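Student: Sharing start-v9.cif (mmCIF, C-alpha atoms) below.
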data_coords
#
loop_
_atom_site.label_atom_id
_atom_site.label_comp_id
_atom_site.auth_asym_id
_atom_site.auth_seq_id
_atom_site.Cartn_x
_atom_site.Cartn_y
_atom_site.Cartn_z
CA MET A 4 -5.62 -79.81 -32.81
CA SER A 5 -4.88 -82.44 -30.17
CA ASP A 6 -6.62 -80.27 -27.53
CA TRP A 7 -9.81 -80.42 -29.61
CA ARG A 8 -9.50 -84.22 -29.91
CA GLU A 9 -9.00 -84.56 -26.16
CA ARG A 10 -12.09 -82.48 -25.46
CA LEU A 11 -14.18 -84.53 -27.88
CA SER A 12 -12.81 -87.76 -26.44
CA LYS A 13 -13.63 -86.63 -22.91
CA PHE A 14 -17.14 -85.56 -24.00
CA MET A 15 -17.85 -88.94 -25.64
CA GLU A 16 -16.52 -90.91 -22.68
CA GLY A 17 -19.29 -93.12 -21.28
CA ARG A 18 -21.57 -92.48 -24.25
CA TYR A 19 -22.93 -95.05 -26.69
CA GLY A 20 -21.24 -93.78 -29.86
CA GLY A 21 -23.79 -95.52 -32.06
CA ASN A 22 -21.86 -97.15 -34.89
CA ASP A 23 -24.33 -100.02 -35.08
CA THR A 24 -26.87 -101.46 -37.52
CA LEU A 25 -29.81 -99.37 -36.32
CA ASN A 26 -27.87 -96.10 -36.55
CA LYS A 27 -26.62 -96.94 -40.03
CA TRP A 28 -30.20 -97.67 -41.07
CA LEU A 29 -31.42 -94.43 -39.49
CA LEU A 30 -28.82 -92.39 -41.36
CA GLY A 31 -29.72 -94.18 -44.60
CA ALA A 32 -33.41 -93.46 -43.97
CA PHE A 33 -32.51 -89.83 -43.32
CA LEU A 34 -30.78 -89.55 -46.71
CA ILE A 35 -33.62 -91.29 -48.55
CA PHE A 36 -36.31 -89.16 -46.87
CA LEU A 37 -34.29 -86.03 -47.54
CA LEU A 38 -33.82 -86.82 -51.24
CA LEU A 39 -37.52 -87.68 -51.61
CA ALA A 40 -38.48 -84.48 -49.78
CA ILE A 41 -36.36 -82.44 -52.20
CA ILE A 42 -37.68 -84.22 -55.28
CA LEU A 43 -41.34 -84.29 -54.22
CA GLU A 44 -41.21 -80.99 -52.32
CA SER A 45 -42.92 -82.65 -49.36
CA GLY A 46 -42.85 -81.14 -45.89
CA ILE A 47 -43.88 -84.43 -44.25
CA LEU A 48 -40.93 -86.29 -45.77
CA ASN A 49 -38.67 -83.46 -44.64
CA LEU A 50 -39.97 -83.87 -41.07
CA LEU A 51 -39.41 -87.63 -41.25
CA ALA A 52 -35.83 -87.04 -42.41
CA ILE A 53 -35.17 -84.64 -39.55
CA ALA A 54 -36.78 -87.04 -37.03
CA ALA A 55 -34.53 -89.89 -38.22
CA LEU A 56 -31.45 -87.68 -37.89
CA ILE A 57 -32.42 -86.43 -34.42
CA TYR A 58 -33.08 -89.95 -33.17
CA SER A 59 -29.76 -91.09 -34.59
CA TYR A 60 -27.90 -88.30 -32.77
CA PHE A 61 -29.88 -89.04 -29.60
CA ARG A 62 -28.64 -92.64 -29.76
CA ILE A 63 -25.05 -91.54 -30.43
CA PHE A 64 -24.89 -89.18 -27.43
CA SER A 65 -26.91 -91.38 -25.06
CA ARG A 66 -25.29 -92.53 -21.83
CA ASN A 67 -27.69 -95.48 -21.44
CA ILE A 68 -25.53 -97.99 -23.30
CA SER A 69 -27.49 -101.10 -22.26
CA LYS A 70 -30.76 -99.65 -23.58
CA ARG A 71 -29.19 -98.62 -26.91
CA THR A 72 -27.65 -102.10 -27.27
CA ALA A 73 -31.04 -103.70 -26.57
CA GLU A 74 -32.66 -101.43 -29.20
CA ASN A 75 -30.07 -102.48 -31.76
CA GLN A 76 -30.55 -106.16 -30.89
CA LYS A 77 -34.34 -105.90 -31.31
CA PHE A 78 -33.87 -104.12 -34.63
CA TYR A 79 -31.41 -106.82 -35.72
CA GLU A 80 -33.89 -109.59 -34.83
CA TRP A 81 -36.78 -107.73 -36.51
CA THR A 82 -34.85 -107.30 -39.77
CA GLN A 83 -33.41 -110.85 -39.83
CA PRO A 84 -35.94 -112.17 -42.41
CA ILE A 85 -35.21 -109.24 -44.72
CA ARG A 86 -31.42 -109.51 -44.33
CA HIS A 87 -31.62 -113.28 -44.89
CA ILE A 88 -32.95 -112.66 -48.41
CA PHE A 89 -29.92 -110.55 -49.31
CA THR A 90 -27.17 -112.71 -47.83
CA LYS A 91 -24.96 -114.41 -50.39
CA ASN A 92 -25.88 -118.09 -50.03
CA ALA A 93 -29.31 -117.68 -48.44
CA ASN A 94 -31.10 -116.98 -51.72
CA GLY A 95 -29.66 -119.93 -53.62
CA ALA A 96 -26.53 -118.29 -54.97
CA LYS A 97 -24.21 -121.07 -56.07
CA ASP A 98 -20.62 -121.58 -55.05
CA ARG A 99 -18.86 -122.09 -58.38
CA THR A 100 -16.00 -124.20 -57.05
CA HIS A 101 -17.67 -126.43 -54.43
CA ARG A 102 -20.79 -128.52 -53.84
CA ILE A 103 -22.44 -129.10 -50.50
CA PHE A 104 -23.80 -132.53 -49.58
CA GLN A 105 -25.60 -133.65 -46.47
CA CYS A 106 -24.49 -136.74 -44.59
CA PRO A 107 -27.30 -139.33 -44.84
CA GLN A 108 -26.58 -140.58 -41.33
CA CYS A 109 -26.20 -137.47 -39.15
CA GLY A 110 -27.26 -134.59 -41.44
CA GLN A 111 -23.90 -132.77 -41.25
CA LYS A 112 -23.22 -130.56 -44.29
CA VAL A 113 -20.02 -131.43 -46.15
CA ARG A 114 -18.38 -129.11 -48.70
CA VAL A 115 -16.48 -130.83 -51.52
CA PRO A 116 -14.77 -129.49 -54.65
CA LYS A 117 -16.70 -129.59 -57.94
CA GLY A 118 -15.69 -131.49 -61.05
CA ARG A 119 -13.98 -134.48 -59.41
CA GLY A 120 -16.42 -137.07 -60.74
CA LYS A 121 -17.66 -139.78 -58.38
CA ILE A 122 -15.98 -139.35 -55.02
CA GLN A 123 -16.03 -141.08 -51.66
CA ILE A 124 -17.00 -138.53 -48.98
CA THR A 125 -16.27 -139.11 -45.29
CA CYS A 126 -18.43 -137.16 -42.87
CA PRO A 127 -16.20 -135.21 -40.46
CA LYS A 128 -18.74 -135.59 -37.65
CA CYS A 129 -19.75 -139.26 -37.65
CA ARG A 130 -17.14 -140.75 -40.03
CA HIS A 131 -19.87 -142.25 -42.24
CA GLU A 132 -18.66 -142.78 -45.82
CA PHE A 133 -20.93 -142.16 -48.82
CA THR A 134 -20.42 -141.77 -52.55
CA LYS A 135 -21.61 -138.77 -54.54
CA ARG A 136 -20.90 -137.21 -57.91
CA SER A 137 -19.27 -133.82 -57.59
#
The structure in this file should be written as structure tokens.
Tutor:
Amino acid sequence: MSDWRERLSKFMEGRYGGNDTLNKWLLGAFLIFLLLAIILESGILNLLAIAALIYSYFRIFSRNISKRTAENQKFYEWTQPIRHIFTKNANGAKDRTHRIFQCPQCGQKVRVPKGRGKIQITCPKCRHEFTKRS
């Protein structure tokens, strides 16, 4: 068994490997296209599924690591607005134990515990003190 692992390790040496955001998305797209192709009995969706899988494997076995990294970075930048919607605090999800205030002087965000009544907050950046109700 270790001989097989050594051979695989030697084969993958100097290759991209591809465990990045774009490859994960490509494999997810493959599964979705494949399921839709089975349900709708569509040859076009089947071809799209196979194309996504082939491109994913091409990226995994590629020796041009800098180009694959650049592809992933472009994909990451392109999907940033979509991912921003689904991040925990980006869509207005509330922290149940803390409140966030902004320093009136420098704009630094300060996180304070909830339910403490009126408190004196000292900005960690500019040392400006202000009073807020938590």
Student: Between atom CA of A:Phe64 and atom CA of A:Trp81, what is the distance in Å, rounded to a tenth?
Tutor: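 Atom-to-atom, atom CA of A:Phe64 to atom CA of A:Trp81, that is 23.8 Å.
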Student: Would you work out the distance separating atom CA of A:Thr90 from atom CA of A:Leu30, expressed in Å to one decimal?
Tutor: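 Interatomic distance here is 21.4 Å.
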Student: What's the separation between atom CA of A:Ala73 and atom CA of A:Leu48, in Å to one decimal place?
Tutor: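 Atom-to-atom, atom CA of A:Ala73 to atom CA of A:Leu48, that is 27.7 Å.
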Student: Find the residues around A:Met15 up to 12 Å (all atoms listed in the file counted), leave out those fewer than 4 positions away in its own chain, and share them as a PyMOL selection string.
Tutor: chain A and resi 8-11+19-21+63-66
Student: For A:Gln123, please output as a PDB file with C-alpha atoms, in the frame of the given file all residues within 9 Å (counting all atoms listed in the file; exclusion window: fewer than 4 positions along the same chain).
Tutor:
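As a result, part_27.pdb now contains:
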ATOM      1  CA  GLU A 132     -18.660-142.780 -45.820  1.00  0.00           C
ATOM      2  CA  PHE A 133     -20.930-142.160 -48.820  1.00  0.00           C
ATOM      3  CA  THR A 134     -20.420-141.770 -52.550  1.00  0.00           C
ATOM      4  CA  LYS A 135     -21.610-138.770 -54.540  1.00  0.00           C
ATOM      5  CA  ARG A 136     -20.900-137.210 -57.910  1.00  0.00           C
TER       6      ARG A 136
END
Student: Evaluate the PyMOL selection byres ((chain A and resi 119) around 12) against this structure - the residues, as a PyMOL selection string, please.
Tutor: chain A and resi 100-102+115-118+120-124+134-137
Student: Quick one: apply the PyMOL selection byres ((chain A and resi 75) around 12) to the file and drop the selected residues here as number ranges by chain.
Tutor: A: 19, 21-29, 59, 62, 68-74, 76-82
Student: My list of candidates is A:Ala55, A:Leu43, A:Ile35, A:Phe61. Which is closest to A:Arg18 when distances are computed with only C-alpha atoms?
Tutor: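 Between A:Ala55, A:Leu43, A:Ile35, A:Phe61, the residue approaching A:Arg18 most closely is A:Phe61.
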Student: Could you check which of A:Lys128, A:Gly110, A:Asn67, A:Leu34 is closest to A:Leu51, using all atoms listed in the file?
Tutor: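 Smallest separation from A:Leu51 among the options: A:Leu34.
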Student: For the structure provided, state which residues fall under the PyMOL selection byres ((chain A and resi 106) around 9), and present them as a ChimeraX atom specification.
Tutor: /A:104-105,107-113,124-126,129,131-133
Student: Would you mind exporting the chosen residues as an mmCIF file, in the coordinates of the input, restricted to C-alpha atoms?
Tutor:
data_model
loop_
_atom_site.group_PDB
_atom_site.id
_atom_site.type_symbol
_atom_site.label_atom_id
_atom_site.label_comp_id
_atom_site.auth_asym_id
_atom_site.auth_seq_id
_atom_site.Cartn_x
_atom_site.Cartn_y
_atom_site.Cartn_z
ATOM 1 C CA PHE A 104 -23.800 -132.530 -49.580
ATOM 2 C CA GLN A 105 -25.600 -133.650 -46.470
ATOM 3 C CA PRO A 107 -27.300 -139.330 -44.840
ATOM 4 C CA GLN A 108 -26.580 -140.580 -41.330
ATOM 5 C CA CYS A 109 -26.200 -137.470 -39.150
ATOM 6 C CA GLY A 110 -27.260 -134.590 -41.440
ATOM 7 C CA GLN A 111 -23.900 -132.770 -41.250
ATOM 8 C CA LYS A 112 -23.220 -130.560 -44.290
ATOM 9 C CA VAL A 113 -20.020 -131.430 -46.150
ATOM 10 C CA ILE A 124 -17.000 -138.530 -48.980
ATOM 11 C CA THR A 125 -16.270 -139.110 -45.290
ATOM 12 C CA CYS A 126 -18.430 -137.160 -42.870
ATOM 13 C CA CYS A 129 -19.750 -139.260 -37.650
ATOM 14 C CA HIS A 131 -19.870 -142.250 -42.240
ATOM 15 C CA GLU A 132 -18.660 -142.780 -45.820
ATOM 16 C CA PHE A 133 -20.930 -142.160 -48.820
#
Student: Counting all atoms listed in the file, what is within 6 Å of A:Ala52, bar same-chain residues fewer than 2 positions away, as a VMD selection string?
Tutor: chain A and resid 33 36 to 37 49 to 50 54 to 55
Student: Build an axis-aligned box that encloses every atom of stretch 47-51 of chain A listed in the file, pad it by 4 Å on each side, and report its centre and edge lengths in Å to one decimal, as AutoDock Vina command-line options.
Tutor:
--center_x -41.3 --center_y -85.5 --center_z -43.4 --size_x 13.2 --size_y 12.2 --size_z 12.7
Student: Can you rebuild stretch 50-61 of chain A with all heavy atoms and give it as a short mmCIF file (atom, residue, chain, number, x, y, z; two decimals), in the coordinates of the input?
Tutor:
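Saved the output as selection35.cif:
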data_model
loop_
_atom_site.label_atom_id
_atom_site.label_comp_id
_atom_site.auth_asym_id
_atom_site.auth_seq_id
_atom_site.Cartn_x
_atom_site.Cartn_y
_atom_site.Cartn_z
N LEU A 50 -39.86 -83.65 -42.52
CA LEU A 50 -39.97 -83.87 -41.07
C LEU A 50 -39.51 -85.28 -40.69
O LEU A 50 -38.86 -85.47 -39.66
CB LEU A 50 -41.41 -83.64 -40.60
CG LEU A 50 -41.87 -82.19 -40.54
CD1 LEU A 50 -43.34 -82.12 -40.18
CD2 LEU A 50 -41.04 -81.43 -39.52
N LEU A 51 -39.86 -86.26 -41.51
CA LEU A 51 -39.41 -87.63 -41.25
C LEU A 51 -37.89 -87.74 -41.32
O LEU A 51 -37.26 -88.43 -40.51
CB LEU A 51 -40.06 -88.61 -42.22
CG LEU A 51 -41.51 -88.96 -41.98
CD1 LEU A 51 -42.05 -89.80 -43.14
CD2 LEU A 51 -41.68 -89.69 -40.67
N ALA A 52 -37.29 -87.04 -42.27
CA ALA A 52 -35.83 -87.04 -42.41
C ALA A 52 -35.19 -86.42 -41.16
O ALA A 52 -34.24 -86.98 -40.61
CB ALA A 52 -35.42 -86.26 -43.65
N ILE A 53 -35.72 -85.30 -40.73
CA ILE A 53 -35.17 -84.64 -39.55
C ILE A 53 -35.37 -85.50 -38.30
O ILE A 53 -34.47 -85.61 -37.46
CB ILE A 53 -35.80 -83.24 -39.37
CG1 ILE A 53 -35.34 -82.34 -40.51
CG2 ILE A 53 -35.46 -82.62 -38.03
CD1 ILE A 53 -36.07 -81.02 -40.61
N ALA A 54 -36.52 -86.17 -38.18
CA ALA A 54 -36.78 -87.04 -37.03
C ALA A 54 -35.79 -88.21 -37.00
O ALA A 54 -35.27 -88.56 -35.94
CB ALA A 54 -38.21 -87.56 -37.08
N ALA A 55 -35.50 -88.80 -38.16
CA ALA A 55 -34.53 -89.89 -38.22
C ALA A 55 -33.15 -89.41 -37.80
O ALA A 55 -32.43 -90.09 -37.06
CB ALA A 55 -34.50 -90.50 -39.62
N LEU A 56 -32.76 -88.23 -38.25
CA LEU A 56 -31.45 -87.68 -37.89
C LEU A 56 -31.37 -87.36 -36.40
O LEU A 56 -30.38 -87.68 -35.74
CB LEU A 56 -31.17 -86.42 -38.71
CG LEU A 56 -29.78 -85.82 -38.53
CD1 LEU A 56 -28.72 -86.79 -39.03
CD2 LEU A 56 -29.69 -84.50 -39.26
N ILE A 57 -32.41 -86.76 -35.85
CA ILE A 57 -32.42 -86.43 -34.42
C ILE A 57 -32.35 -87.68 -33.57
O ILE A 57 -31.59 -87.75 -32.60
CB ILE A 57 -33.66 -85.57 -34.07
CG1 ILE A 57 -33.51 -84.17 -34.65
CG2 ILE A 57 -33.88 -85.51 -32.57
CD1 ILE A 57 -34.74 -83.31 -34.54
N TYR A 58 -33.11 -88.71 -33.94
CA TYR A 58 -33.08 -89.95 -33.17
C TYR A 58 -31.71 -90.62 -33.26
O TYR A 58 -31.21 -91.17 -32.28
CB TYR A 58 -34.19 -90.91 -33.63
CG TYR A 58 -34.30 -92.13 -32.75
CD1 TYR A 58 -34.57 -92.00 -31.40
CD2 TYR A 58 -34.11 -93.40 -33.28
CE1 TYR A 58 -34.65 -93.11 -30.57
CE2 TYR A 58 -34.19 -94.52 -32.47
CZ TYR A 58 -34.46 -94.36 -31.13
OH TYR A 58 -34.54 -95.46 -30.31
N SER A 59 -31.09 -90.54 -34.42
CA SER A 59 -29.76 -91.09 -34.59
C SER A 59 -28.75 -90.38 -33.68
O SER A 59 -27.95 -91.03 -33.00
CB SER A 59 -29.32 -90.96 -36.05
OG SER A 59 -28.00 -91.40 -36.21
N TYR A 60 -28.80 -89.05 -33.64
CA TYR A 60 -27.90 -88.30 -32.77
C TYR A 60 -28.22 -88.56 -31.30
O TYR A 60 -27.32 -88.63 -30.47
CB TYR A 60 -27.96 -86.81 -33.07
CG TYR A 60 -27.01 -86.43 -34.18
CD1 TYR A 60 -27.48 -86.13 -35.45
CD2 TYR A 60 -25.64 -86.39 -33.96
CE1 TYR A 60 -26.62 -85.80 -36.47
CE2 TYR A 60 -24.77 -86.06 -34.98
CZ TYR A 60 -25.26 -85.76 -36.23
OH TYR A 60 -24.40 -85.44 -37.24
N PHE A 61 -29.49 -88.71 -30.97
CA PHE A 61 -29.88 -89.04 -29.60
C PHE A 61 -29.23 -90.35 -29.17
O PHE A 61 -28.69 -90.47 -28.07
CB PHE A 61 -31.40 -89.14 -29.48
CG PHE A 61 -31.86 -89.81 -28.22
CD1 PHE A 61 -31.81 -89.13 -27.01
CD2 PHE A 61 -32.34 -91.11 -28.24
CE1 PHE A 61 -32.23 -89.75 -25.83
CE2 PHE A 61 -32.75 -91.73 -27.08
CZ PHE A 61 -32.70 -91.05 -25.87
#
